[in-house]
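Asks: This is the structure I want to talk about, given as structure tokens.
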Amino acid sequence: MSLQLPSYTEEELVALLQSRSEAGFSYLYDHYAAALYGLLLHMSGQPEAANDLLQEVFVKIWNHFDRYDPAMGRLYTWMIQITRNTALDYLKSKHYRNSLQNQPLSAAVSNSGNQSGLPTTDYIGLNKLLDQLDTDKKQLIDLAYFKGYTQDEISRHLGIPLGTVKTRLRAAFVILRKLLKDYR
Amino acid sequence: MDIEAYISSGILEAYALGQTTAEEAAIVECVAKNNMRVQEALAELSRTLEALADAQATPPPPGLKAAIQNRLHFPEKKPAETAARSAQIPLPQPAFPEKKAPSSSVGWKVVALAASLLFLLSAGGYFYTRQQQERLVASLNQAEKTLAGNQLRLDYYQKKEHILAQPGMELVMLKGVEKHPEATAVVMWNRQTQNVYLDALNLPKAPAGMQYQLWAMINGKPVSAGMYNNDAPLQPLSAMNTAQAFAITLENEGGVESPTMENLMVMGAIKG
């Protein structure tokens with residue numbers, strides 16, 4: 001699935017949101033909710049948590065829209081950052097750590113795979129796509145992007161030098177970009 | 001250190017992944033602002049992460065949108081307010097536009113680091129000087145504008161002084177009518193030479209397509225004394241040899257035969 005082509009340009013949509021337009025919000029949700037929800041599902045591994053987190057994400061986007069600066073990057077990128085930070089905060093929270101104890105070990109160790117009857121095939125599609133990366137690159141993307149490890153933490157966690165983390169992460173990005181292009 | 005080495009150092013990936021400290025992030029942003037190659041590399045990384053988000057897109061449960069919208073505050077539309085805002089006169093820009101303060105924890109250290117990094121990246125500190133140059137040009141432009149404005153004002157007051165110095169010049173104070181209590185104007189009239197001048201700087205600026213028209217009241221009848229020209233404020237108006245009062249109305253450009261009384265702004269009787 002790819003996002004529908006928007007009929008507003010990003011500039012127009014930003015102007016609508018800046019004017020606090022309800023129609024603007026509705027359009028934003030219709031066009032971006034699926035992508036942000038998918039990211040939250042992937043990161044939290046829990047549909048119920050993803051529901052709550054998606055609400056939190058859109059409330060943040062709406063209430064802090066004045067902090068979005070088009071000169072610093074695209075709207076989509078900004079929203080992804082908010083979504084990812086919200087999910088990472090959740091992963092660090094006590095609530096999440098407690099919830100892990102109530103889950104089978106396999107789900108707690110790896111949040112890949114179609115747990116709890118997730119309603120989609122795209123989710124599996126992404127995992128297949130990530131599976132095409134070498135194991136070490138896949139692990140790097142997972143730790144760095146989906147789990148929010150710093151490069152220092154990755155270096156210690158994997159027992160490899162910091163310089164190697166940097167070069168491997170860069171290589172992983174190059175391959176990921178190519179895979180995503182083919183995937184579309 | 002050249003720009004290619006900087007790009008391939010892995011710092012941009014770390015930035016895109018949110019792994020940089022606030023300080024490192026501020027430096028990346030500063031370098032990106034000044035270097036197209038870095039800017040493009042960052043945009044490419046963002047697009048990859050956007051494509052990754054697209055690839056895992058999953059429709060959320062149907063009730064969620066309404067639940068979120070219930071939690072948001074949508075202001076009611078107020079067209080009148082918007083119109084009023086657009087009618088406001090823009091304030092003059094300060095000579096140095098206020099800069100956004102860097103986030104508190106970051107501060108000067110970052111500015112210094114970014115500046116020295118820019119020196120390294122760009123032989124001869126090209127970007128640094130370009131920024132300084134832009135700032136200098138901006139303040140010069142501002143100074144020129146101020147100077148031009150002062151010159152206009154000086155010309156006006158010199159001309160007015162010259163008119164007032166003429167022997168036989170009478171001043172007629174025009175006061176705002178009930179609808180325009182703030183408005184005032186001064187007619188300078190010389191019975192001998194019959195010259196009439198108008199100082200209308202205290203009237204609001206006439207809207208586009210409209211002009212102030214001066215009237216002389218002669219034996220109870222209004223006679224047009226000419227149109228006030230905003231671009232030539234002390235131009236002599238129609239010659240008058242007699243009048244008991246002066247009044248000003250706002251009229252369509254070019255003026256009218258008889259005054260539109262609803263648009264009467266100021267009036268004043270001649271003493272003696």
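Starting from 1 in every chain, residues are counted up; chains themselves are A, B, ... following the order of the structure tokens, and ligands are numbered from 1 as listed.
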Go through chain A and flag each residue having an atom no more than 8 Å from chain B; for those, report the closest pair of atoms plus their distance in Å to one decimal, using only C-alpha atoms, ordered by chain and rising number, as JSON lines.
Replies:
```
{"residue": "A:Met1", "atom": "CA", "partner": "B:Ala55", "partner_atom": "CA", "distance": 7.1}
{"residue": "A:Ser2", "atom": "CA", "partner": "B:Asp54", "partner_atom": "CA", "distance": 6.0}
{"residue": "A:Leu3", "atom": "CA", "partner": "B:Asp54", "partner_atom": "CA", "distance": 6.7}
{"residue": "A:Arg20", "atom": "CA", "partner": "B:Phe74", "partner_atom": "CA", "distance": 6.5}
{"residue": "A:Ser21", "atom": "CA", "partner": "B:Phe74", "partner_atom": "CA", "distance": 7.1}
{"residue": "A:Glu22", "atom": "CA", "partner": "B:Phe74", "partner_atom": "CA", "distance": 6.2}
{"residue": "A:Tyr29", "atom": "CA", "partner": "B:Lys65", "partner_atom": "CA", "distance": 7.3}
{"residue": "A:Ala33", "atom": "CA", "partner": "B:Pro60", "partner_atom": "CA", "distance": 7.0}
{"residue": "A:Ala34", "atom": "CA", "partner": "B:Pro59", "partner_atom": "CA", "distance": 4.4}
{"residue": "A:Ala35", "atom": "CA", "partner": "B:Ala57", "partner_atom": "CA", "distance": 3.8}
{"residue": "A:Leu36", "atom": "CA", "partner": "B:Ala53", "partner_atom": "CA", "distance": 6.9}
{"residue": "A:Tyr37", "atom": "CA", "partner": "B:Pro60", "partner_atom": "CA", "distance": 6.1}
{"residue": "A:Gly38", "atom": "CA", "partner": "B:Ala57", "partner_atom": "CA", "distance": 4.6}
{"residue": "A:Leu39", "atom": "CA", "partner": "B:Ala53", "partner_atom": "CA", "distance": 6.2}
{"residue": "A:His42", "atom": "CA", "partner": "B:Gln56", "partner_atom": "CA", "distance": 8.0}
{"residue": "A:Asn51", "atom": "CA", "partner": "B:Leu64", "partner_atom": "CA", "distance": 7.4}
{"residue": "A:Gln55", "atom": "CA", "partner": "B:Ile68", "partner_atom": "CA", "distance": 5.6}
{"residue": "A:Phe58", "atom": "CA", "partner": "B:Ile68", "partner_atom": "CA", "distance": 7.2}
{"residue": "A:Val59", "atom": "CA", "partner": "B:Leu72", "partner_atom": "CA", "distance": 6.7}
{"residue": "A:Trp62", "atom": "CA", "partner": "B:Leu72", "partner_atom": "CA", "distance": 7.5}
{"residue": "A:Met72", "atom": "CA", "partner": "B:Glu29", "partner_atom": "CA", "distance": 7.9}
{"residue": "A:Gly73", "atom": "CA", "partner": "B:Ala43", "partner_atom": "CA", "distance": 7.5}
{"residue": "A:Tyr76", "atom": "CA", "partner": "B:Glu50", "partner_atom": "CA", "distance": 7.1}
{"residue": "A:Thr77", "atom": "CA", "partner": "B:Ser46", "partner_atom": "CA", "distance": 6.2}
{"residue": "A:Ile80", "atom": "CA", "partner": "B:Glu50", "partner_atom": "CA", "distance": 7.6}
{"residue": "A:Gln81", "atom": "CA", "partner": "B:Gly18", "partner_atom": "CA", "distance": 8.0}
{"residue": "A:Thr120", "atom": "CA", "partner": "B:Thr58", "partner_atom": "CA", "distance": 6.5}
{"residue": "A:Asp122", "atom": "CA", "partner": "B:Gln56", "partner_atom": "CA", "distance": 5.7}
{"residue": "A:Tyr123", "atom": "CA", "partner": "B:Gln56", "partner_atom": "CA", "distance": 5.2}
{"residue": "A:Gly125", "atom": "CA", "partner": "B:Gln56", "partner_atom": "CA", "distance": 7.5}
{"residue": "A:Leu126", "atom": "CA", "partner": "B:Gln56", "partner_atom": "CA", "distance": 5.6}
{"residue": "A:Ala144", "atom": "CA", "partner": "B:Leu17", "partner_atom": "CA", "distance": 6.9}
{"residue": "A:Tyr145", "atom": "CA", "partner": "B:Leu17", "partner_atom": "CA", "distance": 5.9}
{"residue": "A:Gly148", "atom": "CA", "partner": "B:Gln19", "partner_atom": "CA", "distance": 7.5}
{"residue": "A:Tyr149", "atom": "CA", "partner": "B:Gln19", "partner_atom": "CA", "distance": 7.6}
{"residue": "A:Thr150", "atom": "CA", "partner": "B:Gln19", "partner_atom": "CA", "distance": 5.3}
{"residue": "A:Gln151", "atom": "CA", "partner": "B:Gln19", "partner_atom": "CA", "distance": 7.0}
{"residue": "A:Lys166", "atom": "CA", "partner": "B:Gly10", "partner_atom": "CA", "distance": 5.1}
{"residue": "A:Thr167", "atom": "CA", "partner": "B:Gly10", "partner_atom": "CA", "distance": 6.3}
{"residue": "A:Leu169", "atom": "CA", "partner": "B:Glu13", "partner_atom": "CA", "distance": 7.3}
{"residue": "A:Arg170", "atom": "CA", "partner": "B:Gly10", "partner_atom": "CA", "distance": 5.8}
{"residue": "A:Phe173", "atom": "CA", "partner": "B:Leu45", "partner_atom": "CA", "distance": 7.8}
{"residue": "A:Leu176", "atom": "CA", "partner": "B:Thr48", "partner_atom": "CA", "distance": 7.5}
{"residue": "A:Arg177", "atom": "CA", "partner": "B:Thr48", "partner_atom": "CA", "distance": 5.5}
{"residue": "A:Leu180", "atom": "CA", "partner": "B:Ala51", "partner_atom": "CA", "distance": 6.5}
{"residue": "A:Tyr183", "atom": "CA", "partner": "B:Ala55", "partner_atom": "CA", "distance": 7.9}
{"residue": "A:Arg184", "atom": "CA", "partner": "B:Ala55", "partner_atom": "CA", "distance": 7.9}
```
Asks: DSSP on the backbone: what in region 26-270 of chain B comes out helix (DSSP H, G or I), as a ChimeraX atom specification?
Replies: /B:26-34,36-55,64-71,79-87,107-121,123-164,261-263
Asks: What does the distance between CA of Asp199 (chain B) and CA of Lys145 (chain B) come to in Å, to one decimal place?
Replies: 23.8 Å
Asks: Hey, can you check how far CA of Glu40 (chain B) sits from CA of Leu13 (chain A)?
Replies: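 Distance between the two atoms: 23.0 Å.
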Asks: Using Å and a single decimal, report how far CA of Ile27 (chain B) sits from CA of Ala114 (chain B).
Replies: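 Atom-to-atom, CA of Ala114 (chain B) and CA of Ile27 (chain B) are spaced 5.1 Å apart.
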Asks: Between A:Ser7, A:Arg67, A:Arg74, A:Val165, which has the minimum distance to Asp152 (chain A) (counting only C-alpha atoms)?
Replies: A:Val165
Asks: Extract, using only C-alpha atoms, all DNA, RNA and protein residues at most 12 Å from Leu91 (chain A), discarding same-chain residues fewer than 3 positions from it, and format them as an MDAnalysis selection string.
Replies: chainID A and resid 40:46 49:50 53 84:88 94:100 108 111 146:149
